[in-house]
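As stored in structure.txt (compact mmCIF, C-alpha atoms and all ligand atoms):
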# COMPACT_ATOMS: atom_id res chain seq x y z
CA MET D 1 0.00 0.00 0.00
CA VAL D 2 2.92 2.34 0.79
CA SER D 3 4.59 1.53 -2.56
CA TRP D 4 1.30 2.12 -4.35
CA LEU D 5 0.93 5.53 -2.67
CA LEU D 6 4.50 6.54 -3.55
CA CYS D 7 4.00 5.58 -7.21
CA ILE D 8 0.73 7.49 -7.42
CA ILE D 9 2.15 10.66 -5.80
CA LYS D 10 5.32 10.57 -7.90
CA TRP D 11 3.75 9.92 -11.30
CA MET D 12 0.30 11.47 -11.19
CA PRO D 13 1.39 14.89 -12.50
CA LEU D 14 2.62 13.23 -15.72
CA GLN D 15 -0.45 11.11 -16.41
CA THR D 16 -3.16 13.51 -17.60
CA PHE D 17 -4.61 12.58 -21.00
CA LYS D 18 -3.93 14.94 -23.92
CA MET D 19 -5.58 15.18 -27.36
CA TYR D 20 -2.70 13.33 -29.04
CA ASP D 21 -3.37 10.34 -26.77
CA LEU D 22 -6.62 9.77 -28.66
CA LYS D 23 -4.62 9.19 -31.84
CA TRP D 24 -2.39 6.74 -29.96
CA PHE D 25 -5.45 4.63 -29.10
CA LEU D 26 -6.76 4.81 -32.69
CA VAL D 27 -3.57 3.19 -34.03
CA VAL D 28 -3.15 0.98 -30.94
CA GLY D 29 0.16 2.64 -30.10
CA GLY D 30 1.70 1.46 -33.38
CA TYR D 31 2.17 -2.01 -31.87
CA ILE D 32 0.09 -3.79 -34.50
CA ASN D 33 2.17 -4.73 -37.50
CA PHE D 34 -0.36 -4.90 -40.36
CA ASP D 35 -2.28 -2.36 -42.45
CA PRO D 36 -3.86 0.11 -41.70
CA PHE D 37 -1.91 0.23 -38.41
CA LYS D 38 1.55 -0.68 -39.69
CA GLY D 39 4.38 1.86 -39.48
CA LYS D 40 2.47 4.36 -37.32
CA HIS D 41 4.38 6.25 -34.64
CA PRO D 42 1.77 8.17 -32.66
CA ASP D 43 2.80 11.12 -30.51
CA SER D 44 3.67 10.40 -26.92
CA GLY D 45 4.62 12.46 -23.87
CA PHE D 46 6.65 11.27 -20.86
CA ALA D 47 4.09 8.45 -20.69
CA ASN D 48 2.32 7.18 -23.78
CA ALA D 49 -1.48 6.74 -23.78
CA GLY D 50 -1.18 3.03 -22.89
CA GLU D 51 1.07 3.77 -19.96
CA LYS D 52 -1.36 6.45 -18.79
CA MET D 53 -4.20 3.96 -18.98
CA TRP D 54 -2.15 1.48 -16.89
CA PHE D 55 -1.39 4.25 -14.38
CA TRP D 56 -5.09 5.04 -13.85
CA ILE D 57 -5.98 1.34 -13.65
CA LEU D 58 -3.33 1.02 -10.93
CA ALA D 59 -4.60 4.15 -9.17
CA ILE D 60 -8.25 3.05 -9.13
CA PHE D 61 -7.89 -0.70 -8.52
CA GLY D 62 -4.93 -0.18 -6.16
CA LEU D 63 -7.21 1.97 -4.05
CA SER D 64 -10.05 -0.55 -4.17
CA ILE D 65 -7.76 -3.53 -3.40
CA SER D 66 -6.25 -1.63 -0.46
CA ALA D 67 -9.59 -0.51 0.98
CA THR D 68 -11.20 -3.95 0.62
CA GLY D 69 -8.00 -5.64 1.90
CA VAL D 70 -8.14 -3.56 5.07
CA MET D 71 -11.83 -4.45 5.45
CA LEU D 72 -10.94 -8.16 5.16
CA VAL D 73 -7.82 -8.23 7.28
CA PHE D 74 -9.27 -6.80 10.48
CA PRO D 75 -11.97 -9.09 11.96
CA THR D 76 -12.37 -6.64 14.82
CA LEU D 77 -14.03 -4.21 12.39
CA ASP D 78 -17.03 -6.53 12.74
CA LEU D 79 -18.55 -5.59 9.36
CA PRO D 80 -21.96 -6.90 8.28
CA ARG D 81 -21.65 -10.24 6.48
CA GLU D 82 -22.90 -8.84 3.13
CA LEU D 83 -20.31 -6.08 3.22
CA SER D 84 -17.50 -8.56 3.90
CA LEU D 85 -18.67 -10.71 0.99
CA LEU D 86 -18.81 -7.66 -1.26
CA ALA D 87 -15.31 -6.66 -0.14
CA LEU D 88 -14.02 -10.15 -0.99
CA LEU D 89 -15.62 -9.97 -4.42
CA VAL D 90 -14.22 -6.50 -5.19
CA HIS D 91 -10.82 -7.56 -3.82
CA GLY D 92 -10.73 -10.62 -6.09
CA VAL D 93 -11.85 -8.75 -9.21
CA SER D 94 -9.33 -5.92 -8.53
CA ALA D 95 -6.59 -8.54 -8.06
CA ALA D 96 -7.40 -10.26 -11.38
CA ILE D 97 -7.35 -6.92 -13.25
CA LEU D 98 -4.11 -5.71 -11.63
CA ILE D 99 -2.33 -9.05 -12.16
CA ALA D 100 -3.38 -9.17 -15.85
CA PHE D 101 -2.19 -5.59 -16.49
CA THR D 102 1.04 -6.22 -14.56
CA ILE D 103 1.96 -9.27 -16.65
CA VAL D 104 1.22 -7.51 -19.95
CA HIS D 105 3.06 -4.37 -18.84
CA ILE D 106 6.21 -6.24 -17.77
CA TRP D 107 6.24 -8.13 -21.08
CA MET D 108 5.77 -4.93 -23.12
CA ALA D 109 8.36 -2.91 -21.18
CA THR D 110 11.08 -5.56 -21.30
CA VAL D 111 10.61 -7.75 -24.38
CA LEU D 112 8.39 -5.82 -26.79
CA SER D 113 9.96 -2.38 -26.47
CA GLU D 114 13.52 -2.75 -27.67
CA GLY D 115 15.90 -0.74 -25.47
CA GLY D 116 13.35 -0.40 -22.65
CA MET D 117 15.22 -2.76 -20.33
CA GLU D 118 18.51 -0.82 -20.73
CA CYS D 119 16.73 2.45 -19.95
CA MET D 120 15.23 1.02 -16.75
CA VAL D 121 18.47 -0.55 -15.55
CA SER D 122 20.68 2.49 -16.25
CA GLY D 123 18.13 5.22 -15.57
CA TYR D 124 19.09 6.83 -18.89
CA CYS D 125 17.84 6.55 -22.44
CA ASP D 126 19.59 7.66 -25.61
CA GLU D 127 18.19 10.52 -27.64
CA ASN D 128 17.10 8.30 -30.54
CA TRP D 129 15.10 6.10 -28.18
CA ALA D 130 13.55 9.16 -26.51
CA SER D 131 12.51 10.77 -29.80
CA GLN D 132 11.18 7.48 -31.20
CA HIS D 133 9.19 6.45 -28.12
CA HIS D 134 8.34 9.71 -26.32
CA ASN D 135 8.74 12.44 -28.94
CA VAL D 136 6.56 15.12 -27.31
CA TRP D 137 8.41 14.74 -23.98
CA TYR D 138 11.78 14.76 -25.75
CA ASP D 139 10.91 17.98 -27.63
CA GLU D 140 9.65 19.57 -24.40
CA ILE D 141 12.73 18.86 -22.26
CA LYS D 142 14.99 19.87 -25.13
CA ALA D 143 13.16 23.18 -25.54
CA ASP D 144 12.93 24.05 -21.82
CA GLY D 145 16.53 23.07 -21.06
CA THR D 146 15.77 20.29 -18.54
CA LEU D 147 17.34 17.60 -20.75
CA LYS D 148 20.36 16.21 -18.85
CA TYR D 149 23.19 14.23 -20.37
CA LYS D 150 25.01 11.37 -18.63
CA GLU D 151 28.35 12.58 -17.23
C1 LIG U 201 -1.70 -6.05 -5.41
C2 LIG U 201 -2.15 -6.29 -4.19
C3 LIG U 201 -3.03 -7.48 -3.82
C4 LIG U 201 -3.40 -8.58 -4.54
C5 LIG U 201 -3.01 -8.94 -5.98
C6 LIG U 201 -4.27 -9.38 -3.70
C7 LIG U 201 -4.87 -10.55 -4.08
C8 LIG U 201 -5.69 -11.30 -3.28
C9 LIG U 201 -6.43 -12.46 -3.72
C10 LIG U 201 -6.43 -13.03 -5.14
C11 LIG U 201 -7.12 -12.93 -2.66
C12 LIG U 201 -8.06 -14.12 -2.63
C13 LIG U 201 -9.45 -13.59 -2.84
C14 LIG U 201 -10.50 -14.70 -2.79
O1 LIG U 201 -10.34 -15.67 -2.07
O2 LIG U 201 -11.53 -14.52 -3.48
C15 LIG U 201 -6.82 -12.08 -1.54
C16 LIG U 201 -7.32 -12.24 -0.27
C17 LIG U 201 -7.04 -11.40 0.78
N1 LIG U 201 -6.36 -10.22 0.75
FE1 LIG U 201 -5.41 -9.49 -0.84
N2 LIG U 201 -4.41 -8.76 -2.48
C18 LIG U 201 -3.66 -7.59 -2.52
C19 LIG U 201 -3.56 -6.65 -1.52
C20 LIG U 201 -4.07 -6.80 -0.23
C21 LIG U 201 -3.95 -5.82 0.82
C22 LIG U 201 -3.22 -4.46 0.66
C23 LIG U 201 -4.56 -6.34 1.92
C24 LIG U 201 -4.74 -5.79 3.30
C25 LIG U 201 -4.42 -4.58 3.68
C26 LIG U 201 -5.08 -7.64 1.55
C27 LIG U 201 -5.79 -8.48 2.38
C28 LIG U 201 -6.35 -9.68 2.01
C29 LIG U 201 -7.07 -10.57 2.90
C30 LIG U 201 -7.27 -10.34 4.40
C31 LIG U 201 -7.49 -11.65 2.14
C32 LIG U 201 -8.24 -12.87 2.63
C33 LIG U 201 -9.72 -12.70 2.53
C34 LIG U 201 -10.41 -13.94 3.05
O3 LIG U 201 -10.57 -14.92 2.29
O4 LIG U 201 -10.79 -13.91 4.20
N3 LIG U 201 -4.78 -7.88 0.24
N4 LIG U 201 -5.95 -11.09 -1.95
Rewrite the structure from the file as structure tokens, please.
Amino acid sequence: MVSWLLCIIKWMPLQTFKMYDLKWFLVVGGYINFDPFKGKHPDSGFANAGEKMWFWILAIFGLSISATGVMLVFPTLDLPRELSLLALLVHGVSAAILIAFTIVHIWMATVLSEGGMECMVSGYCDENWASQHHNVWYDEIKADGTLKYKE
């Protein structure tokens, strides 16, 4: 729950949807490799539209799994039986959704996105990777002078 809270506080400012995110969804992020989707590189900020969707899924279902988990873990709360059953149901559904998104996200970030693993391990990405994967963010940090190079 603490890790969830830290992630939400740290990343929320970068996760608001923009108009160009709509285009990302229309071409499924450019991941699909046949016409009419093939060869599309939709605009993307610090987080692309798919990552933003994952963030909000984590925010919403992380909150519901935490709240229902607390309801289930303390018998002294002495909740009505129906409420406990509902909490168990919501907890289970939230778990299934979060686990499914987690597996897909780990696979996409490590295997599917070439170079992604190196970026995560080193904490740096090269400029080509940045402009190919997160072009709007790259242009922004270049223009406002916050782009930092590895010493
Ligand atoms: C990502 C985080 C979590 C996942 C994936 C998860 C997953 C699950 C799953 C699959 C179950 C079994 C549900 C069922 O039998 O239908 C369960 C049960 C339970 N979880 Fe979680 N959970 C998470 C977080 C938490 C948290 C934060 C708490 C408490 C603060 C919690 C407390 C419990 C309790 C007490 C049960 C047992 C309920 C019972 O059968 O009496 N869980 N959890």
_Residue neighbourhood stretch 131-133 of chain D, 12 Å, all atoms listed in the file, exclusion window fewer than 5 positions, as a ChimeraX atom specification_ = /D:24,29-31,40-49,51,109,113-116,119,125-126,138-142
*Using all atoms listed in the file, which residue out of D:Gly92, D:Pro13, D:Gly39, D:Pro75 lies closest to ligand LIG 201 (chain U)?*
D:Gly92
Could the centre and edge lengths of an axis-aligned box, enclosing all atoms of ligand LIG 201 (chain U) in the file with 6 Å extra on each side, be given in Å to one decimal as AutoDock Vina command-line options?
--center_x -6.6 --center_y -10.1 --center_z -0.8 --size_x 21.8 --size_y 23.2 --size_z 22.4
*Go through D:Tyr124, D:Pro36, D:Trp107, D:Arg81 one by one, measure the shortest atom-to-atom distance of each to D:Glu151 using all atoms listed in the file, and give the residue with the smallest value.*
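Going through D:Tyr124, D:Pro36, D:Trp107, D:Arg81 one by one, the smallest distance to D:Glu151 is for D:Tyr124.
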*asked:* Please compute the atom CA of D:Asp78-atom C31 of ligand LIG 201 (chain U) distance, one decimal, in Å.
replied: 15.2 Å
*What is the distance between atom CA of D:Ala87 and atom CA of D:Met12, in Å to one decimal?*
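Atom CA of D:Ala87 sits 26.4 Å away from atom CA of D:Met12.
If you look at atom CA of D:Trp4 and atom C24 of ligand LIG 201 (chain U), they are 12.6 Å away from each other.
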*Show me which residues sit within 10 Å of ligand LIG 201 (chain U) when counting only C-alpha atoms and all ligand atoms, and put them as number ranges by chain.*
D: 1-2, 4, 58, 61-75, 84-85, 87-100, 102
N, CA and C atoms modelled onto stretch 108-131 of chain D, as a short mmCIF file (atom, residue, chain, number, x, y, z; two decimals), in the coordinates of the input:
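Final output, result.cif:
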data_model
loop_
_atom_site.label_atom_id
_atom_site.label_comp_id
_atom_site.auth_asym_id
_atom_site.auth_seq_id
_atom_site.Cartn_x
_atom_site.Cartn_y
_atom_site.Cartn_z
N MET D 108 5.61 -6.02 -22.14
CA MET D 108 5.77 -4.93 -23.12
C MET D 108 7.02 -4.09 -22.82
N ALA D 109 7.26 -3.80 -21.54
CA ALA D 109 8.36 -2.91 -21.18
C ALA D 109 9.73 -3.56 -21.35
N THR D 110 9.77 -4.90 -21.24
CA THR D 110 11.08 -5.56 -21.30
C THR D 110 11.34 -6.20 -22.66
N VAL D 111 10.38 -6.99 -23.15
CA VAL D 111 10.61 -7.75 -24.38
C VAL D 111 10.18 -6.97 -25.63
N LEU D 112 8.97 -6.41 -25.58
CA LEU D 112 8.39 -5.82 -26.79
C LEU D 112 9.04 -4.49 -27.17
N SER D 113 9.39 -3.70 -26.16
CA SER D 113 9.96 -2.38 -26.47
C SER D 113 11.49 -2.48 -26.42
N GLU D 114 12.08 -2.58 -27.60
CA GLU D 114 13.52 -2.75 -27.67
C GLU D 114 14.24 -1.55 -27.04
N GLY D 115 15.17 -1.82 -26.14
CA GLY D 115 15.90 -0.74 -25.47
C GLY D 115 15.29 -0.36 -24.13
N GLY D 116 14.05 -0.77 -23.89
CA GLY D 116 13.35 -0.40 -22.65
C GLY D 116 14.07 -0.91 -21.40
N MET D 117 14.54 -2.15 -21.48
CA MET D 117 15.22 -2.76 -20.33
C MET D 117 16.48 -1.96 -19.96
N GLU D 118 17.28 -1.59 -20.98
CA GLU D 118 18.51 -0.82 -20.73
C GLU D 118 18.18 0.51 -20.06
N CYS D 119 17.12 1.15 -20.53
CA CYS D 119 16.73 2.45 -19.95
C CYS D 119 16.39 2.27 -18.47
N MET D 120 15.66 1.21 -18.14
CA MET D 120 15.23 1.02 -16.75
C MET D 120 16.42 0.70 -15.86
N VAL D 121 17.34 -0.14 -16.37
CA VAL D 121 18.47 -0.55 -15.55
C VAL D 121 19.42 0.63 -15.32
N SER D 122 19.70 1.40 -16.38
CA SER D 122 20.68 2.49 -16.25
C SER D 122 20.06 3.79 -15.73
N GLY D 123 18.77 3.96 -15.94
CA GLY D 123 18.13 5.22 -15.57
C GLY D 123 18.30 6.29 -16.65
N TYR D 124 18.89 5.90 -17.78
CA TYR D 124 19.09 6.83 -18.89
C TYR D 124 18.56 6.21 -20.18
N CYS D 125 18.16 7.09 -21.12
CA CYS D 125 17.84 6.55 -22.44
C CYS D 125 18.56 7.42 -23.47
N ASP D 126 18.90 6.82 -24.63
CA ASP D 126 19.59 7.66 -25.61
C ASP D 126 18.57 8.52 -26.36
N GLU D 127 19.09 9.54 -27.03
CA GLU D 127 18.19 10.52 -27.64
C GLU D 127 17.32 9.91 -28.74
N ASN D 128 17.89 8.95 -29.49
CA ASN D 128 17.10 8.30 -30.54
C ASN D 128 15.91 7.56 -29.94
N TRP D 129 16.18 6.85 -28.84
CA TRP D 129 15.10 6.10 -28.18
C TRP D 129 14.03 7.07 -27.68
N ALA D 130 14.50 8.17 -27.05
CA ALA D 130 13.55 9.16 -26.51
C ALA D 130 12.69 9.75 -27.63
N SER D 131 13.30 10.12 -28.75
CA SER D 131 12.51 10.77 -29.80
C SER D 131 11.61 9.77 -30.52
#
